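Colleague: Sharing final.txt here; it has compact mmCIF, C-alpha atoms.
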```
# COMPACT_ATOMS: atom_id res chain seq x y z
CA MET A 1 -82.35 145.44 73.81
CA THR A 2 -80.77 146.01 77.21
CA GLU A 3 -82.50 144.20 80.06
CA VAL A 4 -83.39 146.62 82.85
CA PHE A 5 -82.67 145.20 86.30
CA LYS A 6 -85.71 145.35 88.55
CA GLY A 7 -85.32 145.06 92.29
CA THR A 8 -82.67 145.76 94.89
CA LYS A 9 -78.98 144.94 94.47
CA PRO A 10 -78.15 141.93 96.66
CA ALA A 11 -75.18 141.62 99.00
CA ALA A 12 -75.32 137.82 99.24
CA ARG A 13 -76.44 134.97 97.04
CA ILE A 14 -77.32 131.32 97.55
CA ALA A 15 -74.40 129.51 95.94
CA GLY A 16 -75.28 125.94 96.92
CA THR A 17 -78.06 123.83 98.40
CA GLY A 18 -78.41 120.38 99.92
CA HIS A 19 -80.73 118.22 101.99
CA SER A 20 -80.87 114.91 103.84
CA VAL A 21 -83.90 112.95 105.04
CA PRO A 22 -84.31 109.60 106.81
CA ASP A 23 -84.78 106.46 104.73
CA LYS A 24 -87.74 105.35 106.84
CA ILE A 25 -91.10 106.35 105.33
CA LEU A 26 -94.23 106.63 107.45
CA SER A 27 -97.23 106.58 105.10
CA ASN A 28 -100.82 107.48 105.78
CA ALA A 29 -101.61 103.78 105.57
CA ASP A 30 -99.10 103.17 108.37
CA LEU A 31 -100.79 105.83 110.49
CA GLU A 32 -104.17 104.16 110.00
CA LYS A 33 -102.77 101.30 112.10
CA ILE A 34 -101.60 103.64 114.88
CA VAL A 35 -104.37 106.20 115.31
CA ASP A 36 -108.03 106.70 114.32
CA THR A 37 -107.50 108.29 110.92
CA SER A 38 -107.52 107.52 107.20
CA ASP A 39 -105.53 108.36 104.10
CA GLU A 40 -108.49 110.34 102.76
CA TRP A 41 -108.85 112.36 105.98
CA ILE A 42 -105.15 113.24 106.11
CA THR A 43 -104.75 113.98 102.40
CA THR A 44 -107.86 116.15 102.18
CA ARG A 45 -107.00 118.26 105.22
CA THR A 46 -103.23 118.50 104.90
CA GLY A 47 -102.02 117.36 101.48
CA ILE A 48 -99.63 114.91 103.14
CA LYS A 49 -99.30 111.33 101.85
CA GLU A 50 -96.14 110.32 103.72
CA ARG A 51 -93.37 111.71 105.89
CA ARG A 52 -89.82 110.65 106.80
CA MET A 53 -89.14 109.32 110.30
CA VAL A 54 -85.87 108.98 112.19
CA SER A 55 -84.79 105.73 113.77
CA ARG A 56 -83.21 105.09 117.15
CA GLY A 57 -79.50 105.86 117.18
CA GLU A 58 -79.80 108.76 114.75
CA LYS A 59 -79.10 112.36 115.72
CA THR A 60 -80.12 115.73 114.32
CA SER A 61 -76.47 116.52 113.59
CA ASP A 62 -76.16 113.41 111.37
CA TYR A 63 -78.60 114.92 108.87
CA CYS A 64 -77.20 118.43 109.25
CA ILE A 65 -73.75 117.19 108.33
CA ARG A 66 -74.99 115.37 105.22
CA ALA A 67 -77.03 118.34 104.04
CA ALA A 68 -74.14 120.70 104.75
CA ARG A 69 -71.65 118.65 102.74
CA GLN A 70 -74.07 118.53 99.80
CA ALA A 71 -74.53 122.30 99.87
CA LEU A 72 -70.79 122.96 100.18
CA ASN A 73 -70.05 120.63 97.29
CA ASP A 74 -72.75 122.30 95.19
CA ALA A 75 -71.28 125.73 95.96
CA GLN A 76 -67.70 124.47 95.44
CA VAL A 77 -66.77 125.90 98.82
CA ASP A 78 -64.22 124.30 101.15
CA PRO A 79 -65.45 124.18 104.76
CA ILE A 80 -62.30 126.02 105.87
CA GLU A 81 -63.55 129.04 103.89
CA LEU A 82 -66.70 129.40 106.00
CA ASP A 83 -67.01 132.40 108.29
CA LEU A 84 -70.38 131.45 109.80
CA ILE A 85 -72.46 128.36 110.52
CA ILE A 86 -76.01 129.04 111.65
CA LEU A 87 -78.22 126.07 112.50
CA ALA A 88 -81.96 126.51 112.96
CA THR A 89 -83.49 123.78 115.12
CA ILE A 90 -85.77 123.12 118.08
CA SER A 91 -84.53 119.53 118.30
CA GLY A 92 -80.78 119.73 118.72
CA ASP A 93 -78.55 116.85 119.79
CA LEU A 94 -77.97 118.22 123.28
CA ARG A 95 -79.33 120.81 125.64
CA PHE A 96 -75.91 122.39 125.17
CA PRO A 97 -73.57 122.97 123.45
CA ALA A 98 -75.23 124.15 120.25
CA THR A 99 -75.59 121.50 117.56
CA ALA A 100 -73.98 123.97 115.14
CA LEU A 101 -70.69 123.37 116.96
CA ILE A 102 -71.00 119.62 116.40
CA VAL A 103 -71.53 120.26 112.69
CA GLN A 104 -68.62 122.70 112.61
CA ASN A 105 -66.27 120.10 114.04
CA ALA A 106 -67.53 117.31 111.79
CA ILE A 107 -67.08 119.20 108.52
CA GLY A 108 -63.77 120.83 109.52
CA ALA A 109 -64.94 124.46 109.39
CA LYS A 110 -62.27 125.56 111.86
CA LYS A 111 -62.41 129.28 111.03
CA ALA A 112 -66.20 129.61 111.31
CA THR A 113 -68.22 130.95 114.21
CA ALA A 114 -71.21 128.68 114.84
CA TRP A 115 -74.48 129.02 116.73
CA ASP A 116 -78.04 127.69 116.86
CA VAL A 117 -81.26 129.61 116.22
CA SER A 118 -84.58 128.66 117.85
CA ALA A 119 -87.54 130.10 115.95
CA THR A 120 -89.58 126.94 115.21
CA CYS A 121 -90.69 126.71 111.57
CA SER A 122 -89.28 130.17 110.78
CA GLY A 123 -85.80 129.31 112.01
CA PHE A 124 -84.15 128.83 108.62
CA LEU A 125 -85.18 132.28 107.39
CA PHE A 126 -84.11 133.80 110.71
CA GLY A 127 -80.70 132.21 110.18
CA LEU A 128 -80.60 133.39 106.57
CA TYR A 129 -81.43 136.90 107.79
CA GLN A 130 -78.54 136.87 110.26
CA ALA A 131 -76.08 135.54 107.69
CA GLU A 132 -77.15 138.01 105.01
CA MET A 133 -76.72 140.90 107.44
CA ALA A 134 -73.23 139.70 108.37
CA ILE A 135 -72.22 139.52 104.72
CA ALA A 136 -73.88 142.85 103.86
CA CYS A 137 -71.92 144.69 106.56
CA GLY A 138 -68.64 143.04 105.58
CA ARG A 139 -68.24 140.84 108.65
CA ALA A 140 -68.42 137.61 106.65
CA LYS A 141 -68.05 136.38 103.07
CA LYS A 142 -69.25 132.79 103.21
CA ALA A 143 -71.89 131.26 105.47
CA LEU A 144 -73.61 127.92 105.92
CA ILE A 145 -77.24 128.02 107.04
CA ILE A 146 -78.99 124.79 108.04
CA GLY A 147 -82.55 123.99 109.05
CA SER A 148 -83.03 120.61 110.71
CA GLU A 149 -85.69 118.95 112.85
CA PHE A 150 -86.50 115.65 114.51
CA LEU A 151 -90.23 116.22 115.10
CA THR A 152 -91.63 112.68 115.06
CA PRO A 153 -90.13 112.00 118.54
CA MET A 154 -92.28 114.93 119.76
CA ASN A 155 -95.48 113.44 118.35
CA ASP A 156 -98.30 112.32 120.61
CA TRP A 157 -99.33 109.24 118.65
CA THR A 158 -102.80 109.31 120.24
CA ASP A 159 -103.55 112.78 118.84
CA ARG A 160 -104.65 112.36 115.24
CA THR A 161 -104.78 116.12 114.65
CA THR A 162 -101.03 116.59 115.14
CA CYS A 163 -99.20 113.27 114.71
CA VAL A 164 -100.12 113.11 111.01
CA LEU A 165 -98.45 116.44 110.24
CA PHE A 166 -94.78 116.27 111.08
CA GLY A 167 -91.69 114.71 109.57
CA ASP A 168 -87.91 114.74 110.01
CA GLY A 169 -85.01 115.97 107.91
CA ALA A 170 -82.48 118.69 107.20
CA GLY A 171 -81.77 121.23 104.48
CA ALA A 172 -78.84 123.58 103.98
CA VAL A 173 -77.65 126.49 101.85
CA VAL A 174 -74.28 128.15 101.36
CA LEU A 175 -74.37 131.93 101.16
CA ASN A 176 -71.61 133.86 99.37
CA ASP A 177 -71.00 137.56 98.99
CA THR A 178 -71.90 138.83 95.54
CA SER A 179 -71.55 141.85 93.28
CA ASP A 180 -73.98 140.84 90.55
CA GLU A 181 -77.77 140.84 90.31
CA ARG A 182 -78.34 137.33 91.64
CA GLY A 183 -78.95 136.87 95.32
CA ILE A 184 -81.15 137.77 98.26
CA LEU A 185 -83.23 140.80 97.29
CA SER A 186 -85.07 141.08 100.61
CA ILE A 187 -85.65 139.29 103.89
CA THR A 188 -88.27 140.06 106.53
CA ASN A 189 -89.10 138.40 109.81
CA GLY A 190 -91.18 139.04 112.89
CA THR A 191 -92.48 137.63 116.15
CA ASN A 192 -95.51 137.95 118.41
CA GLY A 193 -95.53 136.19 121.77
CA ASP A 194 -99.25 136.71 122.39
CA GLN A 195 -100.11 133.23 121.08
CA CYS A 196 -97.37 131.07 122.57
CA ASP A 197 -100.03 128.73 123.95
CA LEU A 198 -101.35 127.80 120.49
CA LEU A 199 -98.31 125.80 119.41
CA TYR A 200 -95.64 124.65 121.85
CA CYS A 201 -93.67 121.82 123.43
CA ILE A 202 -92.49 122.00 127.05
CA GLY A 203 -89.82 119.36 126.60
CA ALA A 204 -86.99 119.86 129.08
CA GLY A 205 -87.96 123.49 129.63
CA THR A 206 -88.09 125.02 133.11
CA ALA A 207 -91.80 125.77 132.73
CA GLY A 208 -92.51 122.06 133.14
CA SER A 209 -91.92 119.57 135.92
CA PHE A 210 -88.68 121.27 136.94
CA ASN A 211 -90.84 124.22 138.02
CA SER A 212 -93.95 122.40 139.24
CA GLY A 213 -92.28 119.39 140.82
CA GLU A 214 -94.89 117.16 139.17
CA PRO A 215 -93.35 115.07 136.36
CA SER A 216 -95.59 114.54 133.36
CA ASP A 217 -94.91 112.25 130.41
CA GLY A 218 -97.01 114.58 128.25
CA GLU A 219 -94.42 117.35 128.50
CA LYS A 220 -92.36 115.79 125.74
CA TYR A 221 -95.19 116.07 123.19
CA LEU A 222 -95.93 118.87 120.75
CA ARG A 223 -99.28 120.61 121.38
CA MET A 224 -101.22 122.66 118.84
CA ASN A 225 -104.58 124.38 118.45
CA GLY A 226 -104.86 123.69 114.74
CA ASN A 227 -107.87 125.85 113.92
CA GLU A 228 -106.43 128.96 115.54
CA VAL A 229 -102.98 128.39 114.05
CA PHE A 230 -104.54 128.05 110.58
CA LYS A 231 -106.32 131.41 110.83
CA HIS A 232 -103.25 133.27 112.02
CA ALA A 233 -100.98 131.54 109.48
CA VAL A 234 -102.95 132.54 106.39
CA ARG A 235 -103.25 136.17 107.45
CA ILE A 236 -99.62 136.57 108.52
CA LEU A 237 -98.14 134.69 105.54
CA TYR A 238 -100.09 136.85 103.09
CA ARG A 239 -99.04 140.06 104.84
CA THR A 240 -95.41 138.90 105.02
CA ALA A 241 -95.38 138.01 101.33
CA ILE A 242 -96.63 141.46 100.33
CA GLU A 243 -94.13 143.25 102.59
CA THR A 244 -91.18 141.14 101.44
CA VAL A 245 -91.93 141.56 97.73
CA LYS A 246 -92.36 145.32 98.17
CA LEU A 247 -89.07 145.56 100.07
CA ALA A 248 -87.35 143.82 97.15
CA GLY A 249 -88.61 146.55 94.82
CA LEU A 250 -90.79 144.07 92.95
CA GLU A 251 -94.43 143.17 92.46
CA VAL A 252 -96.05 139.79 93.04
CA ALA A 253 -96.34 139.42 89.25
CA ASP A 254 -92.52 139.39 89.08
CA ILE A 255 -92.29 136.21 91.16
CA ASP A 256 -91.50 133.07 89.18
CA TRP A 257 -91.98 130.57 92.02
CA LEU A 258 -93.57 130.59 95.44
CA VAL A 259 -91.60 128.18 97.65
CA PRO A 260 -93.54 128.27 100.92
CA HIS A 261 -93.15 126.51 104.22
CA GLN A 262 -94.70 123.09 103.62
CA ALA A 263 -97.05 123.08 106.61
CA ASN A 264 -100.53 122.40 105.24
CA ILE A 265 -101.82 122.38 101.66
CA ARG A 266 -104.90 124.38 102.62
CA ILE A 267 -102.76 127.15 104.12
CA ILE A 268 -100.58 127.20 101.01
CA GLN A 269 -103.59 127.30 98.69
CA ALA A 270 -105.25 130.09 100.66
CA VAL A 271 -102.10 132.24 100.63
CA ALA A 272 -101.47 131.63 96.92
CA GLU A 273 -105.06 132.56 96.10
CA ARG A 274 -104.83 135.82 98.04
CA LEU A 275 -101.57 136.64 96.27
CA ASN A 276 -103.12 135.74 92.90
CA ILE A 277 -100.32 133.23 92.29
CA PRO A 278 -101.54 130.14 90.39
CA MET A 279 -100.76 126.80 92.01
CA GLU A 280 -98.73 125.93 88.90
CA LYS A 281 -96.16 128.44 90.18
CA VAL A 282 -96.11 127.01 93.72
CA PHE A 283 -93.46 124.40 94.53
CA LEU A 284 -94.89 121.58 96.65
CA ASN A 285 -93.27 118.58 98.31
CA ILE A 286 -95.51 118.41 101.38
CA HIS A 287 -96.99 115.15 100.07
CA LYS A 288 -93.58 113.48 100.51
CA TYR A 289 -92.22 114.99 103.71
CA GLY A 290 -95.03 116.59 105.69
CA ASN A 291 -94.13 119.56 107.88
CA THR A 292 -90.40 119.47 108.63
CA SER A 293 -90.46 122.88 110.37
CA SER A 294 -87.20 124.81 109.88
CA ALA A 295 -85.97 122.20 107.38
CA SER A 296 -88.96 122.69 105.09
CA VAL A 297 -87.82 125.60 102.91
CA PRO A 298 -84.17 124.50 102.41
CA ILE A 299 -85.31 120.98 101.51
CA ALA A 300 -87.77 122.45 99.00
CA LEU A 301 -85.16 124.80 97.53
CA ASN A 302 -82.70 121.95 97.00
CA GLU A 303 -85.27 119.68 95.38
CA ALA A 304 -86.52 122.46 93.11
CA ARG A 305 -82.98 123.33 92.00
CA ARG A 306 -81.88 119.70 91.67
CA ASP A 307 -84.88 118.85 89.49
CA GLY A 308 -84.39 121.89 87.25
CA ILE A 309 -87.63 123.56 88.35
CA ILE A 310 -85.90 126.71 89.61
CA LYS A 311 -83.65 128.06 86.87
CA ASP A 312 -80.92 130.70 86.85
CA GLY A 313 -82.34 134.20 86.73
CA GLN A 314 -85.69 133.24 88.21
CA VAL A 315 -87.08 134.98 91.29
CA ILE A 316 -88.54 132.97 94.14
CA LEU A 317 -90.57 134.02 97.15
CA SER A 318 -90.48 132.00 100.36
CA VAL A 319 -92.73 132.62 103.35
CA VAL A 320 -92.75 130.78 106.68
CA PHE A 321 -94.80 130.74 109.85
CA GLY A 322 -94.16 129.04 113.18
CA GLY A 323 -95.13 128.71 116.81
CA GLY A 324 -94.74 131.64 119.13
CA PHE A 325 -95.69 133.12 116.69
CA THR A 326 -92.74 133.65 114.37
CA TRP A 327 -92.76 134.41 110.65
CA GLY A 328 -90.50 135.41 107.81
CA GLY A 329 -90.17 135.97 104.10
CA ALA A 330 -87.40 136.09 101.49
CA VAL A 331 -87.17 137.07 97.84
CA VAL A 332 -84.22 135.52 96.03
CA ARG A 333 -82.99 135.78 92.44
CA PHE A 334 -81.18 132.56 91.47
```
Starting from the file, lay out its structure as structure tokens.
Modeller:
Amino acid sequence: MTEVFKGTKPAARIAGTGHSVPDKILSNADLEKIVDTSDEWITTRTGIKERRMVSRGEKTSDYCIRAARQALNDAQVDPIELDLIILATISGDLRFPATALIVQNAIGAKKATAWDVSATCSGFLFGLYQAEMAIACGRAKKALIIGSEFLTPMNDWTDRTTCVLFGDGAGAVVLNDTSDERGILSITNGTNGDQCDLLYCIGAGTAGSFNSGEPSDGEKYLRMNGNEVFKHAVRILYRTAIETVKLAGLEVADIDWLVPHQANIRIIQAVAERLNIPMEKVFLNIHKYGNTSSASVPIALNEARRDGIIKDGQVILSVVFGGGFTWGGAVVRF
């Protein structure tokens, strides 16, 4: 019996994956000594048991480079073959130049064009979207897309509602052009600047002390209205999932694995329930890493492939949501 292909014909496929996380583990028990919280409180509300934390002297690019080399090795691609390097991060090494250029130099991708993408937790899928478009229109054949964040340095360790959530790390994929049925079947993304004040970090931005002339130590910390973010996240992730699956020419029942942004277990559960996807078909590693923002999905993809959970021929759906707000979705046949 001939198998009938269902879905769109892809222009690009994920040929390799990799990830790198700090050795240092910050457990819920460790946080109990820092802030007024408990393992039960954190686990019940977020699903997080521990997260990885960078140490002094480490840079975002260090983890990008390791993840990139893993992904290139997995894809059996020489760095000199790369046409594009797109790095999603809100915590780059420098204000400029782009951290993608530092990675480009380190791995020897001399023919590639490299740039950074800033879209908070959605950044990796924004980068994947750009790379897929470049390959689809014939402007590139091989691309490296990285998501990497150092979020623990942005934590306000007196705010128990946010400091328990975030972790550090990097994930990467290599994208190749393709002529078969495996690959990216659809990508969607979107933005809405109406709720920028619900999740943000001033950092070194010109909206802070540079503008006001009043230096504030609090500018370096991440700020979030958790309840409002939760409500928007569930609604937008569900809508994005439906749109992305439809664009791929599939139905939710055709999805083998949901690999969502690992932000909060209650958000993930709510979205899966609305999609009628059982939790047995949802890949989770939030308990180990917390919310690593743009690194979340590529780390999850690499772990799921490495551990044999995602198999060749299976279709995965990823959805992401981040501050601004930003969001995105992707359907991929491996």
Colleague: Counting all atoms listed in the file, which residues in stretch 195-307 of chain A sit no more than 10 Å from stretch 30-50 of chain A? For each one, give the nearest pair of atoms and the distance in Å, sorted by chain then residue number, as CSV.
Modeller:
```
residue,atom,partner,partner_atom,distance
A:Gln262,CA,A:Gly47,CA,9.5
A:Ala263,CA,A:Thr46,CA,7.9
A:Asn264,CA,A:Thr46,CA,4.8
A:Ile265,CA,A:Gly47,CA,5.0
A:Arg266,CA,A:Thr46,CA,6.5
A:Ile267,CA,A:Thr46,CA,8.7
A:Ile268,CA,A:Thr46,CA,9.9
A:Leu284,CA,A:Gly47,CA,9.6
A:Asn285,CA,A:Ile48,CA,8.8
A:Ile286,CA,A:Ile48,CA,5.7
A:His287,CA,A:Ile48,CA,4.1
A:Lys288,CA,A:Glu50,CA,5.2
A:Tyr289,CA,A:Glu50,CA,6.1
A:Gly290,CA,A:Ile48,CA,5.5
A:Asn291,CA,A:Ile48,CA,8.6
```
Colleague: Which protein, DNA or RNA residues are at most 8 Å from (-86.2, 130.9, 110.0) in the file's coordinates when you count all atoms listed in the file, listed as a PyMOL selection string?
Modeller: chain A and resi 88+119-129+147+294+320+327-328
Colleague: Kindly provide the residues of stretch 154-201 of chain A that approach stretch 219-243 of chain A to within 7 Å, each paired with its closest atom pair and their distance in Å to one decimal, based on all atoms listed in the file, listed by chain and increasing number, as CSV.
Modeller:
```
residue,atom,partner,partner_atom,distance
A:Met154,CA,A:Tyr221,CA,4.6
A:Asn155,CA,A:Tyr221,CA,5.5
A:Asp156,CA,A:Tyr221,CA,5.5
A:Leu198,CA,A:Asn225,CA,5.1
A:Leu199,CA,A:Met224,CA,4.3
A:Tyr200,CA,A:Arg223,CA,5.5
A:Cys201,CA,A:Leu222,CA,4.6
```
Colleague: Enter the distance from atom CA of A:Val77 to atom CA of A:Gly138, in Å, rounded to one decimal.
Modeller: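 Spanning atom CA of A:Val77 to atom CA of A:Gly138 is a straight-line distance of 18.5 Å.
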Colleague: Applying 8 Å and all atoms listed in the file, which residues near A:Glu132 remain after dropping the ones on its own chain fewer than 6 positions away? List them as a list of chain:residue names.
Modeller: A:Ala11, A:Ala12, A:Leu175, A:Ile184
Colleague: Which polymer residues have any atom within 12 Å of an atom of A:Asp23, counting only C-alpha atoms, with same-chain residues fewer than 2 positions away left out, as a VMD selection string?
Modeller: chain A and resid 20 to 21 25 to 26 51 to 55 58 63 167 to 169 289
Colleague: Ranking A:Val174, A:Ile310, A:Ala98, A:Ala75 by minimum distance to A:Val259 and counting all atoms listed in the file, which one comes first?
Modeller: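 When distances to A:Val259 are compared using all atoms listed in the file, the smallest one comes from A:Ile310.
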Colleague: So how many Å separate atom CA of A:Pro79 and atom CA of A:His19, to one decimal?
Modeller: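 That distance, rounded to one decimal, is 16.6 Å.
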Colleague: So what do you get for atom CA of A:Met133 versus atom CA of A:Glu303, distance-wise?
Modeller: 25.9 Å
Colleague: Between A:Ala170, A:Leu301, A:Val117, A:Ile80, which is the closest to A:Ala68 once you count all atoms listed in the file?
Modeller: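 So, comparing all the options, the nearest one is A:Ala170.
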Colleague: Could you pull the residues within 12 Å of A:Gly16, counting all atoms listed in the file, minus those fewer than 4 positions along the same chain, as a ChimeraX atom specification?
Modeller: /A:67-78,142-146,171-176,183,298,301-303,305-306,334
Colleague: Select, from A:Glu81, A:Asp254, A:Asp197, A:Asp116, the residue with the minimum atom-to-atom distance to A:Val331, counting only C-alpha atoms.
Modeller: A:Asp254
Colleague: Please provide the set of residues having any atom within 9 Å of A:Ala330, restricted to all atoms listed in the file, with same-chain residues fewer than 4 positions apart removed, written as a PyMOL selection string.
Modeller: chain A and resi 125+128-129+184-189+241+244-245+248+316-319
Colleague: Name the closest residue to A:Lys311 among the candidates A:Lys24, A:Pro278, A:Thr292, A:Asp256; distances are taken between atoms, counting only C-alpha atoms.
Modeller: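 Comparing A:Lys24, A:Pro278, A:Thr292, A:Asp256 against A:Lys311, the winner is A:Asp256.
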